[in-house]
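S.K.: I'm passing along data.pdb; it holds PDB, C-alpha atoms, pLDDT in the B column.
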```pdb
ATOM      1  CA  MET M 184     -56.529 -73.007   1.071  1.00 68.00           C
ATOM      2  CA  HIS M 185     -59.954 -74.217   2.094  1.00 77.00           C
ATOM      3  CA  SER M 186     -60.094 -71.624   4.858  1.00 87.00           C
ATOM      4  CA  HIS M 187     -59.543 -68.837   2.301  1.00 88.00           C
ATOM      5  CA  VAL M 188     -62.451 -70.112   0.206  1.00 91.00           C
ATOM      6  CA  PHE M 189     -64.660 -70.551   3.280  1.00 92.00           C
ATOM      7  CA  ASN M 190     -63.858 -67.077   4.630  1.00 91.00           C
ATOM      8  CA  THR M 191     -64.578 -65.549   1.231  1.00 91.00           C
ATOM      9  CA  TRP M 192     -67.892 -67.413   1.059  1.00 90.00           C
ATOM     10  CA  VAL M 193     -68.931 -66.305   4.563  1.00 90.00           C
ATOM     11  CA  THR M 194     -67.936 -62.689   3.906  1.00 91.00           C
ATOM     12  CA  ALA M 195     -69.878 -62.618   0.638  1.00 90.00           C
ATOM     13  CA  ASN M 196     -72.937 -64.083   2.348  1.00 88.00           C
ATOM     14  CA  LEU M 197     -72.731 -61.521   5.152  1.00 87.00           C
ATOM     15  CA  LEU M 198     -72.352 -58.733   2.609  1.00 87.00           C
ATOM     16  CA  HIS M 199     -75.207 -59.970   0.417  1.00 82.00           C
ATOM     17  CA  PRO M 200     -78.176 -58.608   2.473  1.00 81.00           C
ATOM     18  CA  PHE M 201     -76.578 -55.172   2.735  1.00 81.00           C
ATOM     19  CA  VAL M 202     -75.898 -55.008  -1.005  1.00 81.00           C
ATOM     20  CA  PHE M 203     -79.515 -56.061  -1.555  1.00 77.00           C
ATOM     21  CA  LEU M 204     -80.779 -53.301   0.776  1.00 78.00           C
ATOM     22  CA  ILE M 205     -78.563 -50.607  -0.727  1.00 77.00           C
ATOM     23  CA  GLY M 206     -79.595 -51.629  -4.239  1.00 74.00           C
ATOM     24  CA  GLY M 207     -83.246 -51.461  -3.193  1.00 71.00           C
ATOM     25  CA  CYS M 208     -82.762 -48.010  -1.677  1.00 74.00           C
ATOM     26  CA  ILE M 209     -81.088 -46.751  -4.837  1.00 74.00           C
ATOM     27  CA  ALA M 210     -83.869 -48.219  -6.989  1.00 70.00           C
ATOM     28  CA  GLU M 211     -86.567 -46.587  -4.830  1.00 68.00           C
ATOM     29  CA  GLY M 212     -84.821 -43.233  -4.758  1.00 69.00           C
ATOM     30  CA  GLY M 213     -83.901 -43.302  -1.069  1.00 62.00           C
ATOM     31  CA  GLY M 214     -86.056 -42.201   1.817  1.00 60.00           C
ATOM     32  CA  VAL M 215     -86.933 -43.681   5.159  1.00 58.00           C
ATOM     33  CA  ASP M 216     -89.014 -46.537   3.763  1.00 67.00           C
ATOM     34  CA  CYS M 217     -86.122 -48.156   1.930  1.00 65.00           C
ATOM     35  CA  PHE M 218     -84.778 -49.672   5.166  1.00 63.00           C
ATOM     36  CA  ALA M 219     -88.196 -51.065   6.175  1.00 67.00           C
ATOM     37  CA  GLY M 220     -87.261 -54.439   4.686  1.00 66.00           C
ATOM     38  CA  MET M 221     -84.178 -54.918   6.894  1.00 69.00           C
ATOM     39  CA  GLY M 222     -85.645 -57.929   8.709  1.00 72.00           C
ATOM     40  CA  LEU M 223     -86.726 -59.520   5.453  1.00 73.00           C
ATOM     41  CA  ALA M 224     -83.267 -58.940   3.975  1.00 72.00           C
ATOM     42  CA  LEU M 225     -81.595 -60.613   6.972  1.00 73.00           C
ATOM     43  CA  ILE M 226     -83.906 -63.632   6.735  1.00 78.00           C
ATOM     44  CA  ALA M 227     -83.214 -63.810   3.003  1.00 75.00           C
ATOM     45  CA  GLY M 228     -79.493 -63.599   3.810  1.00 75.00           C
ATOM     46  CA  LEU M 229     -79.755 -66.712   5.958  1.00 80.00           C
ATOM     47  CA  MET M 230     -81.581 -68.537   3.176  1.00 82.00           C
ATOM     48  CA  VAL M 231     -78.908 -67.432   0.713  1.00 82.00           C
ATOM     49  CA  MET M 232     -76.267 -69.175   2.842  1.00 84.00           C
ATOM     50  CA  VAL M 233     -78.106 -72.450   2.395  1.00 86.00           C
ATOM     51  CA  VAL M 234     -78.775 -71.919  -1.301  1.00 86.00           C
ATOM     52  CA  SER M 235     -75.160 -70.901  -2.023  1.00 88.00           C
ATOM     53  CA  PHE M 236     -73.666 -74.055  -0.526  1.00 90.00           C
ATOM     54  CA  PRO M 237     -73.117 -75.646  -3.981  1.00 90.00           C
ATOM     55  CA  SER M 238     -70.993 -72.603  -4.886  1.00 91.00           C
ATOM     56  CA  LEU M 239     -68.866 -73.209  -1.800  1.00 91.00           C
ATOM     57  CA  VAL M 240     -68.314 -76.844  -2.745  1.00 92.00           C
ATOM     58  CA  ALA M 241     -67.455 -75.898  -6.331  1.00 93.00           C
ATOM     59  CA  ALA M 242     -65.032 -73.223  -5.110  1.00 93.00           C
ATOM     60  CA  TRP M 243     -63.354 -75.760  -2.801  1.00 93.00           C
ATOM     61  CA  ILE M 244     -62.774 -77.976  -5.821  1.00 93.00           C
ATOM     62  CA  ILE M 245     -61.680 -75.215  -8.212  1.00 93.00           C
ATOM     63  CA  PHE M 246     -59.458 -73.079  -5.954  1.00 93.00           C
ATOM     64  CA  PRO M 247     -56.598 -75.612  -5.578  1.00 91.00           C
ATOM     65  CA  LEU M 248     -56.600 -76.026  -9.359  1.00 93.00           C
ATOM     66  CA  ILE M 249     -56.265 -72.263  -9.785  1.00 92.00           C
ATOM     67  CA  CYS M 250     -53.378 -72.231  -7.311  1.00 89.00           C
ATOM     68  CA  LYS M 251     -51.521 -74.803  -9.425  1.00 91.00           C
ATOM     69  CA  LEU M 252     -51.826 -72.807 -12.655  1.00 90.00           C
ATOM     70  CA  PRO M 253     -48.486 -71.683 -14.137  1.00 91.00           C
ATOM     71  CA  PHE M 254     -49.516 -68.010 -13.933  1.00 90.00           C
ATOM     72  CA  THR M 255     -48.167 -65.149 -11.905  1.00 90.00           C
ATOM     73  CA  THR M 256     -49.944 -64.405  -8.655  1.00 90.00           C
ATOM     74  CA  ALA M 257     -51.813 -61.581 -10.372  1.00 92.00           C
ATOM     75  CA  GLY M 258     -52.920 -63.993 -13.105  1.00 93.00           C
ATOM     76  CA  LYS M 259     -54.117 -66.484 -10.510  1.00 93.00           C
ATOM     77  CA  PHE M 260     -56.018 -63.687  -8.782  1.00 94.00           C
ATOM     78  CA  GLY M 261     -57.651 -62.719 -12.081  1.00 94.00           C
ATOM     79  CA  SER M 262     -58.671 -66.324 -12.646  1.00 94.00           C
ATOM     80  CA  TRP M 263     -60.037 -66.585  -9.097  1.00 93.00           C
ATOM     81  CA  PHE M 264     -61.934 -63.299  -9.493  1.00 95.00           C
ATOM     82  CA  PHE M 265     -63.555 -64.411 -12.761  1.00 95.00           C
ATOM     83  CA  ILE M 266     -64.440 -67.924 -11.611  1.00 94.00           C
ATOM     84  CA  ALA M 267     -65.633 -66.900  -8.141  1.00 94.00           C
ATOM     85  CA  THR M 268     -67.854 -64.219  -9.666  1.00 93.00           C
ATOM     86  CA  CYS M 269     -69.339 -66.708 -12.158  1.00 93.00           C
ATOM     87  CA  LEU M 270     -70.120 -69.360  -9.514  1.00 92.00           C
ATOM     88  CA  PRO M 271     -73.271 -67.613  -8.179  1.00 90.00           C
ATOM     89  CA  TYR M 272     -74.584 -67.408 -11.752  1.00 88.00           C
ATOM     90  CA  LEU M 273     -74.029 -71.137 -12.257  1.00 88.00           C
ATOM     91  CA  ASN M 274     -75.633 -71.732  -8.872  1.00 87.00           C
ATOM     92  CA  GLY M 275     -78.580 -69.605 -10.021  1.00 83.00           C
ATOM     93  CA  ILE M 276     -78.966 -71.734 -13.156  1.00 82.00           C
ATOM     94  CA  LEU M 277     -78.970 -74.851 -10.960  1.00 83.00           C
ATOM     95  CA  LEU M 278     -81.554 -73.291  -8.651  1.00 80.00           C
ATOM     96  CA  VAL M 279     -83.823 -72.273 -11.536  1.00 77.00           C
ATOM     97  CA  LEU M 280     -83.571 -75.775 -13.007  1.00 79.00           C
ATOM     98  CA  LEU M 281     -84.399 -77.371  -9.634  1.00 82.00           C
ATOM     99  CA  ILE M 282     -87.427 -75.121  -9.238  1.00 78.00           C
ATOM    100  CA  GLY M 283     -88.601 -76.409 -12.596  1.00 74.00           C
ATOM    101  CA  ASP M 284     -88.533 -73.312 -14.781  1.00 66.00           C
ATOM    102  CA  THR M 285     -87.743 -74.697 -18.222  1.00 66.00           C
ATOM    103  CA  SER M 286     -88.621 -71.600 -20.201  1.00 68.00           C
ATOM    104  CA  GLU M 287     -86.334 -70.282 -22.895  1.00 66.00           C
ATOM    105  CA  ASP M 288     -85.184 -67.319 -20.823  1.00 72.00           C
ATOM    106  CA  ILE M 289     -83.586 -69.469 -18.116  1.00 69.00           C
ATOM    107  CA  PHE M 290     -80.272 -67.623 -18.385  1.00 71.00           C
ATOM    108  CA  ILE M 291     -81.910 -64.219 -17.908  1.00 75.00           C
ATOM    109  CA  THR M 292     -83.952 -65.526 -14.972  1.00 69.00           C
ATOM    110  CA  SER M 293     -80.801 -66.957 -13.431  1.00 72.00           C
ATOM    111  CA  LEU M 294     -79.002 -63.653 -13.877  1.00 74.00           C
ATOM    112  CA  ALA M 295     -81.859 -61.854 -12.138  1.00 71.00           C
ATOM    113  CA  VAL M 296     -81.722 -64.341  -9.268  1.00 70.00           C
ATOM    114  CA  SER M 297     -77.953 -64.256  -8.844  1.00 81.00           C
ATOM    115  CA  GLY M 298     -77.021 -60.698  -9.867  1.00 83.00           C
ATOM    116  CA  VAL M 299     -76.758 -59.368  -6.317  1.00 83.00           C
ATOM    117  CA  ALA M 300     -74.785 -62.432  -5.234  1.00 86.00           C
ATOM    118  CA  MET M 301     -72.343 -61.967  -8.121  1.00 89.00           C
ATOM    119  CA  PHE M 302     -71.779 -58.356  -7.088  1.00 90.00           C
ATOM    120  CA  SER M 303     -71.303 -59.391  -3.446  1.00 90.00           C
ATOM    121  CA  VAL M 304     -68.735 -62.027  -4.426  1.00 92.00           C
ATOM    122  CA  ALA M 305     -66.865 -59.567  -6.649  1.00 93.00           C
ATOM    123  CA  MET M 306     -66.703 -57.050  -3.783  1.00 93.00           C
ATOM    124  CA  THR M 307     -65.590 -59.740  -1.336  1.00 94.00           C
ATOM    125  CA  VAL M 308     -62.824 -61.055  -3.592  1.00 93.00           C
ATOM    126  CA  CYS M 309     -61.560 -57.478  -3.992  1.00 94.00           C
ATOM    127  CA  ILE M 310     -61.745 -56.895  -0.239  1.00 93.00           C
ATOM    128  CA  ARG M 311     -59.800 -60.101   0.450  1.00 92.00           C
ATOM    129  CA  ILE M 312     -57.078 -59.496  -2.174  1.00 91.00           C
ATOM    130  CA  LYS M 313     -54.419 -59.082   0.531  1.00 91.00           C
ATOM    131  CA  TYR M 314     -55.146 -62.539   1.937  1.00 90.00           C
ATOM    132  CA  PHE M 315     -55.068 -64.069  -1.538  1.00 90.00           C
ATOM    133  CA  PHE M 316     -51.565 -62.727  -2.183  1.00 90.00           C
ATOM    134  CA  GLN M 317     -50.432 -63.890   1.268  1.00 88.00           C
ATOM    135  CA  LEU M 318     -51.201 -67.469   0.204  1.00 86.00           C
ATOM    136  CA  PHE M 319     -48.413 -67.274  -2.382  1.00 83.00           C
ATOM    137  CA  HIS M 320     -45.891 -65.169  -0.462  1.00 79.00           C
ATOM    138  CA  GLN M 321     -42.952 -67.295   0.575  1.00 68.00           C
ATOM    139  CA  PRO M 322     -40.906 -65.710   3.378  1.00 70.00           C
ATOM    140  CA  GLN M 323     -37.181 -65.740   2.762  1.00 67.00           C
ATOM    141  CA  ILE M 324     -35.482 -68.196   5.097  1.00 68.00           C
ATOM    142  CA  ILE M 325     -31.978 -67.291   6.173  1.00 65.00           C
ATOM    143  CA  SER M 326     -30.036 -70.501   6.541  1.00 67.00           C
ATOM    144  CA  ASN M 327     -26.690 -69.043   7.553  1.00 65.00           C
ATOM    145  CA  GLU M 328     -25.913 -66.539  10.296  1.00 64.00           C
ATOM    146  CA  THR M 329     -23.313 -64.760   8.185  1.00 64.00           C
ATOM    147  CA  ASN M 330     -26.086 -63.602   5.862  1.00 59.00           C
ATOM    148  CA  LEU M 331     -27.479 -61.517   8.698  1.00 60.00           C
ATOM    149  CA  VAL M 332     -24.477 -59.147   8.719  1.00 58.00           C
TER     150      VAL M 332
END
```
What is this file in structure tokens?

M.R.:
Amino acid sequence: MHSHVFNTWVTANLLHPFVFLIGGCIAEGGGVDCFAGMGLALIAGLMVMVVSFPSLVAAWIIFPLICKLPFTTAGKFGSWFFIATCLPYLNGILLVLLIGDTSEDIFITSLAVSGVAMFSVAMTVCIRIKYFFQLFHQPQIISNETNLV
């Protein structure tokens, strides 16, 4: 189970700089100059891996609890999707508090900081849906040879 959470975290962090670049290109209206910040986005992507470590730890704690819920596999996936997408926002609140911004709009600032990460996590969880369902698929074990006929 921890490998699923780790692989999802790594995939989201690898996807994050590209989502940031594409969002920047869309905001600027396209053109050649929108990819000029590729090196900066990759450096920021490495920093995001360090900053998002609390989200990984929280997901390691929460994911086994989600797996034990008495829901269907689709319900567990919905819970995982919602919680995994909210973790970057909570991580953003923690980051804003550690920086020392105690203004009243802390939740909006946190959303601005973690919006791209939330989108990256949502895309990654959707991409890895097959692996999530494989965690709960129990292969049928044939215990008697006469069942093979």

S.K.: Just the number, please: distance in Å from atom CA of M:Thr307 to atom CA of M:Gly207, one decimal.

M.R.: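 That distance, rounded to one decimal, is 19.6 Å.
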
S.K.: Give me the residues within 12 Å of M:Val304 as a ChimeraX atom specification, counting all atoms listed in the file and dropping any in the same chain fewer than 3 places off.

M.R.: /M:188,190-199,202,235,238-239,242,263-272,297-301,307-311

S.K.: Tell me which protein, DNA and RNA residues are within 12 Å of M:Ala224, counting only C-alpha atoms, leaving out same-chain ones fewer than 4 positions away, and put them as a list in words.

M.R.: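 Non-adjacent residues within range: Asn196, Leu197, Leu198, His199, Pro200, Phe201, Val202, Phe203, Leu204, Ile205, Gly206, Gly207, Cys217, Phe218, Ala219, Gly220, Gly228, Leu229, Met230 and Val231 of chain M.
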
S.K.: Check what the PyMOL selection byres ((chain M and resi 185) around 9) selects in the file above and give those residues as a PyMOL selection string.

M.R.: chain M and resi 184+186-190+242-243+246-247

S.K.: Report the distance between atom CA of M:Pro253 and atom CA of M:Phe236 in Å, rounded to one decimal place.

M.R.: 28.7 Å
